[in-house]
Amino acid sequence: MLPLARRLAILALATAPVAATAGASVGAPSAAGALEARPTTCREAQPSRRENARIERALRAQQDTWGKQLLAAPEGPTLERAERFLRPLFFARAQDGRLLTPSGVHYTHFSLPESPKGATSVALHVADGSRVISRRAHGRSLAVSVGERGREPYGSCLRRLRSSALAEGYLPILETSYVDRQGVRYEQESFAAHIPETRSLVSVVTVTADASRSQARRTEIRLTPSVVGLELDGARLRRDGRTYAVLGEGGTFEDGAVRYPVPPGGVRTVYAAWLHVPGRMPDIVLDEERVTQARESLRAFWRRKLAAGAAVEVPEPRVNDAVRNLLVQNIGLSWRYSVGNRYEQLSTPEAMDVARVLAAYGHLPVTRAILRTSLRKRPAIPPTALTRSTNWRMGARLVAFAYYWRVSGDTAEIRRATPTLRAYVRRLARQLDTSRYGILHRERFSSDVSQRVYGLHSQAVVWQGLRAMGQVWEATGNRALAAECARLERRLRAGLERAVRRSERRLPGGALFVPVRLLDDERPYALLPASRAGSYWNLVMPYALASGLFAPGGRRAEGILTYLDRHGSRLLGLVRSGAYPLYGPAKRRGTGSNPVYGLNLARFLADNDRADALVLTLYGQLAAAMTRGTFVSGESVSVTPLGGPYRTTYLPPNAASNAAFLETVRLMLVRERLDGAGRPVALELAHATPRAWLEPGKAIAVERMRTSFGRVSFRIEAGASSALVTLHIPERAPIGSLRLRLRLPDGKRVAAAILDGAPVGRVLADGETVELPPAPGTLRLELPYR
């Protein structure tokens, strides 16, 4: 934690509102879910009519009008501009529109996962600083309140709450500042760590109160456990011989709460440790030294974990912090879709995308754990489901295992999984061999849509998986299985081609509508998010688009991109949807975005070299799809505030939403290009970076990013008249083509590539892309501008 003088200096900033449009309080709900009375001195600022009308116009438009504004700027989209369109994301809801936490604010999940399977003990720290919760959103908790007699829930007045943030921008250490209604200032730090005296994960909370600028009397810091029947024994709160919490000195325990009076005009710091698995432990002294030791142990743990994988450093701190923290989150989540709520389960298609992204970033043990779990753990589905989307899941697993082998070369893992994967191939073969149309049988559209369809999204993923795993089995010596996959892949491709040709519709202006429900007369949607069917088309179609079924740059791909652009597919570069679960049963129609399904759309955009669209997606994700400062996102997010001054997300955190951002960053920096047979043949570096990243004096660096050709590292240092590039070309597999792109600001172009004083490679016609010799080794180049 910061020294006391620095902490108090930061506290002085806490009197500023979080945002110009924000000023609200959120009370804690009762057991029935209704809000308690809020402090009378803290009124909510609801969105104005003008703000609502501006958002409504954007939602009714058939194009991404806000995205187009950002793209039309001289240097393209920026984070600062993207944040102007919507209020921050801060609240969280569960199913049926209910609040996820007592205050309605999202939580951050903290853990120390020793196993690649992720953490089994998890601390949920509510981002307004109001409480620490054990394991589940409705689990045991320690609440923090302040103010006169300790009656004001910490963070309950959002206009007096400084934005929640993480230590060093990315570490799982939550930092907040707050001012109570009497003007007393507080700073809180909380994190989860291990201490030697217990095997339990422990949440350590530090609260500092500064009453030096206030005339307040009877100010208290109050810590209230949800567990009844506790007794204070030394520094421990215990029941039946088990310790639930350890407290710093100076508090009194009465009426089920620990009270720490703050001296008038003075300063007081309070420490507490909340055990997430109560148990026997000796009495200890909890002071600043012990808290510092626990914090440093936590820092060292996560630095070691991150150092095992790839590293990205760009000249935009929020992007760097987001990448690091989202890796921290997904290492802890492992195979879980979310944690602390009903989404803590395996969600197979999404989990396979998470596995692929973590593999690219070099966290192979976690990737293996996800893949192995997917083979043995049956995903949860609604009890009313008559059948499961088994083809989609089988295809996604085939794709993920193939990608894992490509970037790792781990043949032993492929042999381990082959008996199960072979069974998938046989099941798929039986369907194709008895198919009327040469495609797979009808199956459930998705886990929450029961209609049985010839789903293009699932069929395309199966085709992609058969093609990719067939190549892996061919390379690893299983020729019979490789030949069977090749046979099935060709047959399914031909069947899908016939079905798409019968179902697709050409529209005016070059747009092409390809139905998800093949052969069912699905018609084009004028505005995709305006109906449930159009919304689900928009969510699942990216799986087909990213499969390679539609050749990048081809007439169909261009037509589909045109359709997406003209029919409300995106807002601020984010995939739009109805986001129905956010609104509960009382309101069937809603509007929002689903960051989960932006992952495969980003792959399609990258395949078709839509660099500016990827930049827009990056800033849309940072500005509108995750919380600012804590990088938390759910399956869907609202566009407008719901019952408060900020926007809301559904059942956060979400591993697939996290992976969508990580994949967008990777595709901007390192991308593989496949040939017509789906084999990696080219490596493209820095192909979609924001132009501001290469202003003079700035640098872009990537270390140890995994590809089919091996681990790639490069560094670009931009100067006023040239750029210096250091590039490590891998040698695991030969590269057919190697290209580096410098997207320079102010209209500058690359004149040449110089190696040891002589020209090397060639500059392409766009004046940005340089084709370099792909021989393994290290290149140190100078690229002068013109």
# chains A, B, ... in the order shown; residues from 1 in each chain; ligands from 1
>>> select_by_dssp(residues="stretch 632-691 of chain A", states="strand (DSSP E)", output="ChimeraX atom specification")
/A:637-638,647-650,670-674,680-685
>>> closest_atom_pairs(of="stretch 352-452 of chain A", to="stretch 598-604 of chain A", cutoff="10 Å", atoms="only C-alpha atoms", output="tab-separated table")
residue	atom	partner	partner_atom	distance
A:Asp353	CA	A:Leu599	CA	8.1
A:Val354	CA	A:Leu599	CA	9.6
A:Val357	CA	A:Leu599	CA	9.9
>>> write_last_selection(atoms="N, CA, C and O atoms", output="mmCIF file, in the first residue's frame")
data_model
loop_
_atom_site.group_PDB
_atom_site.id
_atom_site.type_symbol
_atom_site.label_atom_id
_atom_site.label_comp_id
_atom_site.auth_asym_id
_atom_site.auth_seq_id
_atom_site.Cartn_x
_atom_site.Cartn_y
_atom_site.Cartn_z
ATOM 1 N N ASP A 353 -12.877 -21.253 -27.617
ATOM 2 C CA ASP A 353 -12.262 -20.000 -28.049
ATOM 3 C C ASP A 353 -11.309 -19.472 -26.986
ATOM 4 O O ASP A 353 -10.229 -18.968 -27.300
ATOM 5 N N VAL A 354 -11.712 -19.558 -25.728
ATOM 6 C CA VAL A 354 -10.834 -19.125 -24.636
ATOM 7 C C VAL A 354 -9.540 -19.935 -24.656
ATOM 8 O O VAL A 354 -8.430 -19.388 -24.493
ATOM 9 N N VAL A 357 -7.187 -18.774 -27.446
ATOM 10 C CA VAL A 357 -6.554 -17.486 -27.166
ATOM 11 C C VAL A 357 -5.444 -17.650 -26.129
ATOM 12 O O VAL A 357 -4.346 -17.101 -26.281
#
>>> closest_residue(among="A:Val314, A:Val246, A:Ala300, A:Val228", to="A:Arg280", atoms="only C-alpha atoms")
A:Val246
>>> select_by_dssp(residues="stretch 175-360 of chain A", states="alpha helix (DSSP H)", output="MDAnalysis selection string")
chainID A and resid 288:307 317:333 348:360
>>> atom_distance(atom1="atom CA of A:Tyr154", atom2="atom CA of A:Ser130")
4.9 Å
>>> closest_atom_pairs(of="stretch 468-547 of chain A", to="stretch 562-568 of chain A", cutoff="8 Å", atoms="only C-alpha atoms", output="tab-separated table")
residue	atom	partner	partner_atom	distance
A:Gly510	CA	A:Thr562	CA	6.9
A:Ala511	CA	A:Tyr563	CA	4.7
A:Leu512	CA	A:Tyr563	CA	5.8
A:Phe513	CA	A:Tyr563	CA	6.5
A:Tyr525	CA	A:His567	CA	7.2
A:Ala526	CA	A:His567	CA	5.8
A:Leu527	CA	A:His567	CA	4.9
A:Leu528	CA	A:Gly568	CA	5.7
A:Pro529	CA	A:Gly568	CA	7.0
>>> write_last_selection(atoms="all heavy atoms", output="PDB file, in the first residue's frame")
ATOM      1  N   GLY A 510     -24.982  -4.586 -53.356  1.00  0.00           N
ATOM      2  CA  GLY A 510     -23.911  -5.559 -53.180  1.00  0.00           C
ATOM      3  C   GLY A 510     -23.959  -6.355 -51.899  1.00  0.00           C
ATOM      4  O   GLY A 510     -23.087  -7.197 -51.660  1.00  0.00           O
ATOM      5  N   ALA A 511     -24.955  -6.126 -51.033  1.00  0.00           N
ATOM      6  CA  ALA A 511     -25.046  -6.881 -49.789  1.00  0.00           C
ATOM      7  C   ALA A 511     -25.519  -8.306 -50.056  1.00  0.00           C
ATOM      8  O   ALA A 511     -26.297  -8.562 -50.978  1.00  0.00           O
ATOM      9  CB  ALA A 511     -25.996  -6.188 -48.824  1.00  0.00           C
ATOM     10  N   LEU A 512     -25.054  -9.218 -49.213  1.00  0.00           N
ATOM     11  CA  LEU A 512     -25.445 -10.624 -49.317  1.00  0.00           C
ATOM     12  C   LEU A 512     -25.933 -11.095 -47.955  1.00  0.00           C
ATOM     13  O   LEU A 512     -25.215 -10.989 -46.955  1.00  0.00           O
ATOM     14  CB  LEU A 512     -24.257 -11.483 -49.763  1.00  0.00           C
ATOM     15  CG  LEU A 512     -24.513 -12.999 -49.789  1.00  0.00           C
ATOM     16  CD1 LEU A 512     -25.524 -13.356 -50.869  1.00  0.00           C
ATOM     17  CD2 LEU A 512     -23.200 -13.752 -50.009  1.00  0.00           C
ATOM     18  N   PHE A 513     -27.157 -11.621 -47.907  1.00  0.00           N
ATOM     19  CA  PHE A 513     -27.681 -12.222 -46.689  1.00  0.00           C
ATOM     20  C   PHE A 513     -27.573 -13.733 -46.796  1.00  0.00           C
ATOM     21  O   PHE A 513     -28.132 -14.350 -47.713  1.00  0.00           O
ATOM     22  CB  PHE A 513     -29.139 -11.823 -46.468  1.00  0.00           C
ATOM     23  CG  PHE A 513     -29.762 -12.538 -45.292  1.00  0.00           C
ATOM     24  CD1 PHE A 513     -29.402 -12.207 -43.990  1.00  0.00           C
ATOM     25  CD2 PHE A 513     -30.698 -13.557 -45.487  1.00  0.00           C
ATOM     26  CE1 PHE A 513     -29.971 -12.868 -42.912  1.00  0.00           C
ATOM     27  CE2 PHE A 513     -31.261 -14.211 -44.414  1.00  0.00           C
ATOM     28  CZ  PHE A 513     -30.902 -13.872 -43.119  1.00  0.00           C
ATOM     29  N   TYR A 525     -32.954  -9.473 -42.394  1.00  0.00           N
ATOM     30  CA  TYR A 525     -33.460  -8.610 -41.334  1.00  0.00           C
ATOM     31  C   TYR A 525     -33.103  -7.173 -41.668  1.00  0.00           C
ATOM     32  O   TYR A 525     -31.941  -6.857 -41.936  1.00  0.00           O
ATOM     33  CB  TYR A 525     -32.844  -9.000 -39.994  1.00  0.00           C
ATOM     34  CG  TYR A 525     -33.091 -10.452 -39.631  1.00  0.00           C
ATOM     35  CD1 TYR A 525     -32.145 -11.435 -39.945  1.00  0.00           C
ATOM     36  CD2 TYR A 525     -34.256 -10.847 -38.995  1.00  0.00           C
ATOM     37  CE1 TYR A 525     -32.364 -12.764 -39.635  1.00  0.00           C
ATOM     38  CE2 TYR A 525     -34.491 -12.179 -38.675  1.00  0.00           C
ATOM     39  CZ  TYR A 525     -33.537 -13.133 -39.001  1.00  0.00           C
ATOM     40  OH  TYR A 525     -33.758 -14.450 -38.693  1.00  0.00           O
ATOM     41  N   ALA A 526     -34.106  -6.303 -41.633  1.00  0.00           N
ATOM     42  CA  ALA A 526     -33.838  -4.891 -41.923  1.00  0.00           C
ATOM     43  C   ALA A 526     -32.930  -4.288 -40.858  1.00  0.00           C
ATOM     44  O   ALA A 526     -31.974  -3.562 -41.169  1.00  0.00           O
ATOM     45  CB  ALA A 526     -35.155  -4.119 -41.996  1.00  0.00           C
ATOM     46  N   LEU A 527     -33.193  -4.602 -39.591  1.00  0.00           N
ATOM     47  CA  LEU A 527     -32.364  -4.148 -38.471  1.00  0.00           C
ATOM     48  C   LEU A 527     -32.170  -5.348 -37.555  1.00  0.00           C
ATOM     49  O   LEU A 527     -33.107  -5.791 -36.886  1.00  0.00           O
ATOM     50  CB  LEU A 527     -33.049  -2.994 -37.733  1.00  0.00           C
ATOM     51  CG  LEU A 527     -32.249  -2.348 -36.594  1.00  0.00           C
ATOM     52  CD1 LEU A 527     -30.977  -1.694 -37.126  1.00  0.00           C
ATOM     53  CD2 LEU A 527     -33.102  -1.330 -35.854  1.00  0.00           C
ATOM     54  N   LEU A 528     -30.990  -5.892 -37.533  1.00  0.00           N
ATOM     55  CA  LEU A 528     -30.751  -7.180 -36.882  1.00  0.00           C
ATOM     56  C   LEU A 528     -31.190  -7.233 -35.417  1.00  0.00           C
ATOM     57  O   LEU A 528     -31.861  -8.177 -35.012  1.00  0.00           O
ATOM     58  CB  LEU A 528     -29.265  -7.545 -37.012  1.00  0.00           C
ATOM     59  CG  LEU A 528     -28.847  -8.038 -38.403  1.00  0.00           C
ATOM     60  CD1 LEU A 528     -27.345  -7.931 -38.592  1.00  0.00           C
ATOM     61  CD2 LEU A 528     -29.319  -9.471 -38.617  1.00  0.00           C
ATOM     62  N   PRO A 529     -30.861  -6.246 -34.581  1.00  0.00           N
ATOM     63  CA  PRO A 529     -31.225  -6.373 -33.164  1.00  0.00           C
ATOM     64  C   PRO A 529     -32.690  -6.108 -32.871  1.00  0.00           C
ATOM     65  O   PRO A 529     -33.115  -6.218 -31.721  1.00  0.00           O
ATOM     66  CB  PRO A 529     -30.354  -5.301 -32.478  1.00  0.00           C
ATOM     67  CG  PRO A 529     -29.400  -4.818 -33.501  1.00  0.00           C
ATOM     68  CD  PRO A 529     -30.035  -5.043 -34.822  1.00  0.00           C
TER      69      PRO A 529
END
>>> closest_residue(among="A:Gln95, A:Ser531, A:Gln329, A:Asn654", to="A:Ser347", atoms="only C-alpha atoms")
A:Asn654
>>> atom_distance(atom1="atom CA of A:Ala412", atom2="atom CA of A:Arg430")
27.9 Å
>>> closest_residue(among="A:Asp756, A:Asp283, A:Glu717, A:Glu497", to="A:Trp693", atoms="only C-alpha atoms")
A:Glu717
>>> residues_around(residues="A:Gly265", least_positions_apart="5", cutoff="12 Å", atoms="only C-alpha atoms", output="list in words")
Gln182, Gly183, Val184, Arg185, Ala209, Asp210, Ala211, Ser212, Arg213, Ser214, Gln215, Ala216, Arg217, Arg218 and Thr219 of chain A
>>> write_last_selection(atoms="C-alpha atoms", output="mmCIF file, in the first residue's frame")
data_model
loop_
_atom_site.group_PDB
_atom_site.id
_atom_site.type_symbol
_atom_site.label_atom_id
_atom_site.label_comp_id
_atom_site.auth_asym_id
_atom_site.auth_seq_id
_atom_site.Cartn_x
_atom_site.Cartn_y
_atom_site.Cartn_z
ATOM 1 C CA GLN A 182 -19.946 14.461 6.611
ATOM 2 C CA GLY A 183 -16.926 15.075 4.424
ATOM 3 C CA VAL A 184 -14.651 12.448 5.969
ATOM 4 C CA ARG A 185 -12.415 10.933 3.314
ATOM 5 C CA ALA A 209 -10.196 7.397 7.278
ATOM 6 C CA ASP A 210 -9.053 11.034 7.213
ATOM 7 C CA ALA A 211 -11.253 13.413 9.216
ATOM 8 C CA SER A 212 -8.747 16.283 9.206
ATOM 9 C CA ARG A 213 -10.858 18.388 6.824
ATOM 10 C CA SER A 214 -14.184 17.619 8.446
ATOM 11 C CA GLN A 215 -16.027 18.782 11.560
ATOM 12 C CA ALA A 216 -17.538 15.321 11.912
ATOM 13 C CA ARG A 217 -18.003 13.678 15.277
ATOM 14 C CA ARG A 218 -18.824 10.064 16.081
ATOM 15 C CA THR A 219 -17.330 8.813 12.806
#
>>> closest_residue(among="A:Arg149, A:Arg324, A:Arg422, A:Arg160", to="A:Leu481", atoms="only C-alpha atoms")
A:Arg422
>>> residues_around(residues="A:Arg467", least_positions_apart="3", cutoff="12 Å", atoms="only C-alpha atoms", output="mmCIF file with C-alpha atoms, in the first residue's frame")
data_model
loop_
_atom_site.group_PDB
_atom_site.id
_atom_site.type_symbol
_atom_site.label_atom_id
_atom_site.label_comp_id
_atom_site.auth_asym_id
_atom_site.auth_seq_id
_atom_site.Cartn_x
_atom_site.Cartn_y
_atom_site.Cartn_z
ATOM 1 C CA GLY A 395 -16.709 -29.240 -34.021
ATOM 2 C CA LEU A 398 -11.856 -30.489 -33.028
ATOM 3 C CA VAL A 399 -10.909 -26.905 -33.955
ATOM 4 C CA ALA A 402 -5.988 -28.732 -33.826
ATOM 5 C CA TYR A 403 -5.027 -25.156 -32.980
ATOM 6 C CA VAL A 425 -15.613 -38.276 -36.377
ATOM 7 C CA ALA A 460 -19.342 -24.573 -40.484
ATOM 8 C CA VAL A 461 -17.474 -25.132 -37.211
ATOM 9 C CA VAL A 462 -17.696 -28.913 -37.749
ATOM 10 C CA TRP A 463 -16.346 -28.487 -41.287
ATOM 11 C CA GLN A 464 -13.514 -26.322 -39.941
ATOM 12 C CA GLY A 470 -7.419 -34.110 -40.402
ATOM 13 C CA GLN A 471 -4.253 -32.147 -41.113
ATOM 14 C CA VAL A 472 -3.024 -32.695 -37.554
ATOM 15 C CA TRP A 473 -3.603 -36.454 -37.756
ATOM 16 C CA GLU A 474 -1.848 -36.523 -41.111
ATOM 17 C CA LEU A 481 -8.168 -40.975 -39.532
ATOM 18 C CA ALA A 482 -6.754 -38.109 -41.594
ATOM 19 C CA ALA A 483 -8.178 -39.650 -44.778
ATOM 20 C CA GLU A 484 -11.604 -40.092 -43.176
ATOM 21 C CA CYS A 485 -11.615 -36.449 -42.052
ATOM 22 C CA ALA A 486 -10.647 -35.343 -45.568
ATOM 23 C CA ARG A 487 -13.512 -37.377 -47.045
ATOM 24 C CA LEU A 488 -16.047 -35.978 -44.615
ATOM 25 C CA GLU A 489 -14.741 -32.441 -44.943
ATOM 26 C CA ARG A 490 -15.114 -32.523 -48.737
ATOM 27 C CA ARG A 491 -18.601 -33.962 -48.522
ATOM 28 C CA LEU A 492 -19.758 -31.460 -45.917
ATOM 29 C CA ARG A 493 -18.203 -28.566 -47.816
ATOM 30 C CA SER A 547 -14.466 -20.809 -40.045
ATOM 31 C CA GLY A 548 -12.923 -20.099 -43.454
ATOM 32 C CA LEU A 549 -16.014 -21.305 -45.290
ATOM 33 C CA GLY A 676 -7.147 -22.405 -49.605
ATOM 34 C CA ALA A 677 -6.700 -25.737 -47.830
ATOM 35 C CA GLY A 678 -6.634 -24.101 -44.395
ATOM 36 C CA ARG A 679 -2.900 -24.548 -43.837
#
>>> residues_around(residues="A:Arg140", least_positions_apart="5", cutoff="8 Å", atoms="only C-alpha atoms", output="PyMOL selection string")
chain A and resi 133-134+225-227
>>> write_last_selection(atoms="N, CA, C and O atoms", output="PDB file, in the first residue's frame")
ATOM      1  N   ILE A 133     -17.071 -10.933  -0.601  1.00  0.00           N
ATOM      2  CA  ILE A 133     -17.994 -12.062  -0.582  1.00  0.00           C
ATOM      3  C   ILE A 133     -17.213 -13.347  -0.843  1.00  0.00           C
ATOM      4  O   ILE A 133     -16.286 -13.374  -1.660  1.00  0.00           O
ATOM      5  N   SER A 134     -17.617 -14.417  -0.177  1.00  0.00           N
ATOM      6  CA  SER A 134     -16.955 -15.712  -0.316  1.00  0.00           C
ATOM      7  C   SER A 134     -17.627 -16.566  -1.377  1.00  0.00           C
ATOM      8  O   SER A 134     -18.817 -16.877  -1.275  1.00  0.00           O
ATOM      9  N   PRO A 225     -19.788  -8.801   9.579  1.00  0.00           N
ATOM     10  CA  PRO A 225     -19.872 -10.113   8.918  1.00  0.00           C
ATOM     11  C   PRO A 225     -21.316 -10.565   8.789  1.00  0.00           C
ATOM     12  O   PRO A 225     -22.164 -10.232   9.627  1.00  0.00           O
ATOM     13  N   SER A 226     -21.604 -11.333   7.731  1.00  0.00           N
ATOM     14  CA  SER A 226     -22.964 -11.851   7.550  1.00  0.00           C
ATOM     15  C   SER A 226     -23.239 -13.049   8.434  1.00  0.00           C
ATOM     16  O   SER A 226     -24.396 -13.453   8.607  1.00  0.00           O
ATOM     17  N   VAL A 227     -22.208 -13.622   9.021  1.00  0.00           N
ATOM     18  CA  VAL A 227     -22.342 -14.819   9.854  1.00  0.00           C
ATOM     19  C   VAL A 227     -22.790 -14.409  11.249  1.00  0.00           C
ATOM     20  O   VAL A 227     -22.221 -13.483  11.854  1.00  0.00           O
TER      21      VAL A 227
END
>>> residues_around(residues="A:Ala551", least_positions_apart="4", cutoff="10 Å", atoms="only C-alpha atoms", output="ChimeraX atom specification")
/A:545-547,555-558,607-608,675-676
>>> write_last_selection(atoms="N, CA and C atoms", output="PDB file, in the first residue's frame")
ATOM      1  N   LEU A 545     -18.551 -17.254 -40.122  1.00  0.00           N
ATOM      2  CA  LEU A 545     -17.682 -16.318 -40.844  1.00  0.00           C
ATOM      3  C   LEU A 545     -16.207 -16.577 -40.547  1.00  0.00           C
ATOM      4  N   ALA A 546     -15.892 -16.948 -39.304  1.00  0.00           N
ATOM      5  CA  ALA A 546     -14.494 -17.170 -38.929  1.00  0.00           C
ATOM      6  C   ALA A 546     -13.989 -18.558 -39.289  1.00  0.00           C
ATOM      7  N   SER A 547     -14.861 -19.420 -39.779  1.00  0.00           N
ATOM      8  CA  SER A 547     -14.466 -20.809 -40.045  1.00  0.00           C
ATOM      9  C   SER A 547     -13.597 -20.966 -41.289  1.00  0.00           C
ATOM     10  N   ARG A 555     -16.201 -12.761 -53.176  1.00  0.00           N
ATOM     11  CA  ARG A 555     -17.440 -12.025 -53.411  1.00  0.00           C
ATOM     12  C   ARG A 555     -18.432 -12.236 -52.271  1.00  0.00           C
ATOM     13  N   ARG A 556     -18.524 -13.467 -51.771  1.00  0.00           N
ATOM     14  CA  ARG A 556     -19.448 -13.717 -50.670  1.00  0.00           C
ATOM     15  C   ARG A 556     -19.012 -12.985 -49.399  1.00  0.00           C
ATOM     16  N   ALA A 557     -17.734 -13.067 -49.071  1.00  0.00           N
ATOM     17  CA  ALA A 557     -17.246 -12.389 -47.864  1.00  0.00           C
ATOM     18  C   ALA A 557     -17.498 -10.891 -47.945  1.00  0.00           C
ATOM     19  N   GLU A 558     -17.230 -10.296 -49.088  1.00  0.00           N
ATOM     20  CA  GLU A 558     -17.468  -8.860 -49.244  1.00  0.00           C
ATOM     21  C   GLU A 558     -18.952  -8.536 -49.132  1.00  0.00           C
ATOM     22  N   ASP A 607      -9.196 -11.564 -41.164  1.00  0.00           N
ATOM     23  CA  ASP A 607      -9.003 -12.366 -42.375  1.00  0.00           C
ATOM     24  C   ASP A 607      -9.219 -11.536 -43.635  1.00  0.00           C
ATOM     25  N   ASN A 608     -10.150 -10.573 -43.535  1.00  0.00           N
ATOM     26  CA  ASN A 608     -10.454  -9.727 -44.691  1.00  0.00           C
ATOM     27  C   ASN A 608      -9.729  -8.389 -44.641  1.00  0.00           C
ATOM     28  N   ASP A 675      -3.854 -20.829 -46.397  1.00  0.00           N
ATOM     29  CA  ASP A 675      -4.082 -21.013 -47.824  1.00  0.00           C
ATOM     30  C   ASP A 675      -5.477 -21.592 -48.043  1.00  0.00           C
ATOM     31  N   GLY A 676      -5.810 -21.912 -49.287  1.00  0.00           N
ATOM     32  CA  GLY A 676      -7.147 -22.405 -49.605  1.00  0.00           C
ATOM     33  C   GLY A 676      -7.488 -23.711 -48.927  1.00  0.00           C
TER      34      GLY A 676
END
>>> residues_around(residues="A:Val670", least_positions_apart="3", cutoff="9 Å", atoms="only C-alpha atoms", output="list of chain:residue names")
A:Val665, A:Arg666, A:Leu667, A:Leu683, A:Glu684, A:Leu685, A:Ala686, A:His687, A:Val702, A:Met705, A:Thr707, A:Val712
>>> write_last_selection(atoms="all heavy atoms", output="tab-separated table (two decimals), in the first residue's frame")
chain	number	residue	atom	x	y	z
A	665	VAL	N	-6.50	-7.77	-29.76
A	665	VAL	CA	-5.14	-7.24	-29.65
A	665	VAL	C	-4.16	-8.12	-30.41
A	665	VAL	O	-3.29	-7.64	-31.15
A	665	VAL	CB	-4.73	-7.12	-28.17
A	665	VAL	CG1	-3.25	-6.75	-28.04
A	665	VAL	CG2	-5.60	-6.08	-27.46
A	666	ARG	N	-4.28	-9.43	-30.24
A	666	ARG	CA	-3.36	-10.34	-30.94
A	666	ARG	C	-3.48	-10.20	-32.45
A	666	ARG	O	-2.47	-10.14	-33.16
A	666	ARG	CB	-3.64	-11.79	-30.53
A	666	ARG	CG	-2.63	-12.79	-31.10
A	666	ARG	CD	-3.04	-14.21	-30.81
A	666	ARG	NE	-4.17	-14.64	-31.62
A	666	ARG	CZ	-4.06	-15.14	-32.85
A	666	ARG	NH1	-2.87	-15.26	-33.42
A	666	ARG	NH2	-5.13	-15.53	-33.50
A	667	LEU	N	-4.71	-10.15	-32.95
A	667	LEU	CA	-4.91	-10.05	-34.40
A	667	LEU	C	-4.36	-8.74	-34.96
A	667	LEU	O	-3.93	-8.68	-36.11
A	667	LEU	CB	-6.39	-10.17	-34.73
A	667	LEU	CG	-7.01	-11.55	-34.49
A	667	LEU	CD1	-8.54	-11.47	-34.57
A	667	LEU	CD2	-6.48	-12.58	-35.47
A	683	LEU	N	2.81	-15.14	-42.26
A	683	LEU	CA	2.80	-14.46	-40.97
A	683	LEU	C	2.75	-12.96	-41.23
A	683	LEU	O	3.58	-12.42	-41.98
A	683	LEU	CB	4.06	-14.83	-40.18
A	683	LEU	CG	4.14	-14.40	-38.72
A	683	LEU	CD1	2.98	-14.98	-37.91
A	683	LEU	CD2	5.47	-14.84	-38.12
A	684	GLU	N	1.78	-12.27	-40.62
A	684	GLU	CA	1.59	-10.84	-40.83
A	684	GLU	C	1.67	-10.13	-39.48
A	684	GLU	O	0.93	-10.46	-38.55
A	684	GLU	CB	0.24	-10.59	-41.50
A	684	GLU	CG	0.15	-11.25	-42.87
A	684	GLU	CD	-1.19	-11.10	-43.56
A	684	GLU	OE1	-2.18	-10.80	-42.87
A	684	GLU	OE2	-1.23	-11.30	-44.79
A	685	LEU	N	2.57	-9.16	-39.40
A	685	LEU	CA	2.87	-8.50	-38.13
A	685	LEU	C	2.44	-7.04	-38.17
A	685	LEU	O	2.64	-6.35	-39.17
A	685	LEU	CB	4.37	-8.60	-37.83
A	685	LEU	CG	4.97	-10.01	-37.86
A	685	LEU	CD1	6.47	-9.96	-37.60
A	685	LEU	CD2	4.28	-10.93	-36.86
A	686	ALA	N	1.86	-6.58	-37.05
A	686	ALA	CA	1.45	-5.18	-36.87
A	686	ALA	C	0.54	-4.71	-37.99
A	686	ALA	O	0.62	-3.57	-38.43
A	686	ALA	CB	2.68	-4.28	-36.75
A	687	HIS	N	-0.36	-5.55	-38.45
A	687	HIS	CA	-1.16	-5.23	-39.62
A	687	HIS	C	-2.36	-4.34	-39.33
A	687	HIS	O	-2.98	-3.84	-40.27
A	687	HIS	CB	-1.64	-6.53	-40.29
A	687	HIS	CG	-0.82	-6.90	-41.47
A	687	HIS	ND1	-1.34	-7.20	-42.70
A	687	HIS	CD2	0.52	-7.01	-41.61
A	687	HIS	CE1	-0.37	-7.47	-43.55
A	687	HIS	NE2	0.76	-7.38	-42.92
A	702	VAL	N	6.22	-7.00	-28.95
A	702	VAL	CA	5.56	-8.28	-28.70
A	702	VAL	C	6.65	-9.29	-28.41
A	702	VAL	O	7.65	-9.37	-29.13
A	702	VAL	CB	4.73	-8.73	-29.93
A	702	VAL	CG1	4.19	-10.14	-29.72
A	702	VAL	CG2	3.59	-7.76	-30.21
A	705	MET	N	4.91	-14.49	-28.63
A	705	MET	CA	3.56	-14.85	-29.07
A	705	MET	C	3.63	-16.13	-29.89
A	705	MET	O	4.42	-16.23	-30.83
A	705	MET	CB	2.94	-13.73	-29.89
A	705	MET	CG	1.45	-13.90	-30.16
A	705	MET	SD	0.42	-13.69	-28.68
A	705	MET	CE	0.44	-11.90	-28.52
A	707	THR	N	2.71	-19.01	-32.56
A	707	THR	CA	2.08	-19.18	-33.86
A	707	THR	C	2.38	-20.60	-34.35
A	707	THR	O	3.14	-21.35	-33.72
A	707	THR	CB	2.63	-18.18	-34.89
A	707	THR	OG1	3.97	-18.54	-35.24
A	707	THR	CG2	2.62	-16.76	-34.34
A	712	VAL	N	6.99	-15.82	-31.83
A	712	VAL	CA	7.37	-14.61	-32.55
A	712	VAL	C	7.60	-13.47	-31.56
A	712	VAL	O	6.81	-13.28	-30.63
A	712	VAL	CB	6.27	-14.20	-33.56
A	712	VAL	CG1	6.59	-12.86	-34.20
A	712	VAL	CG2	6.10	-15.27	-34.62
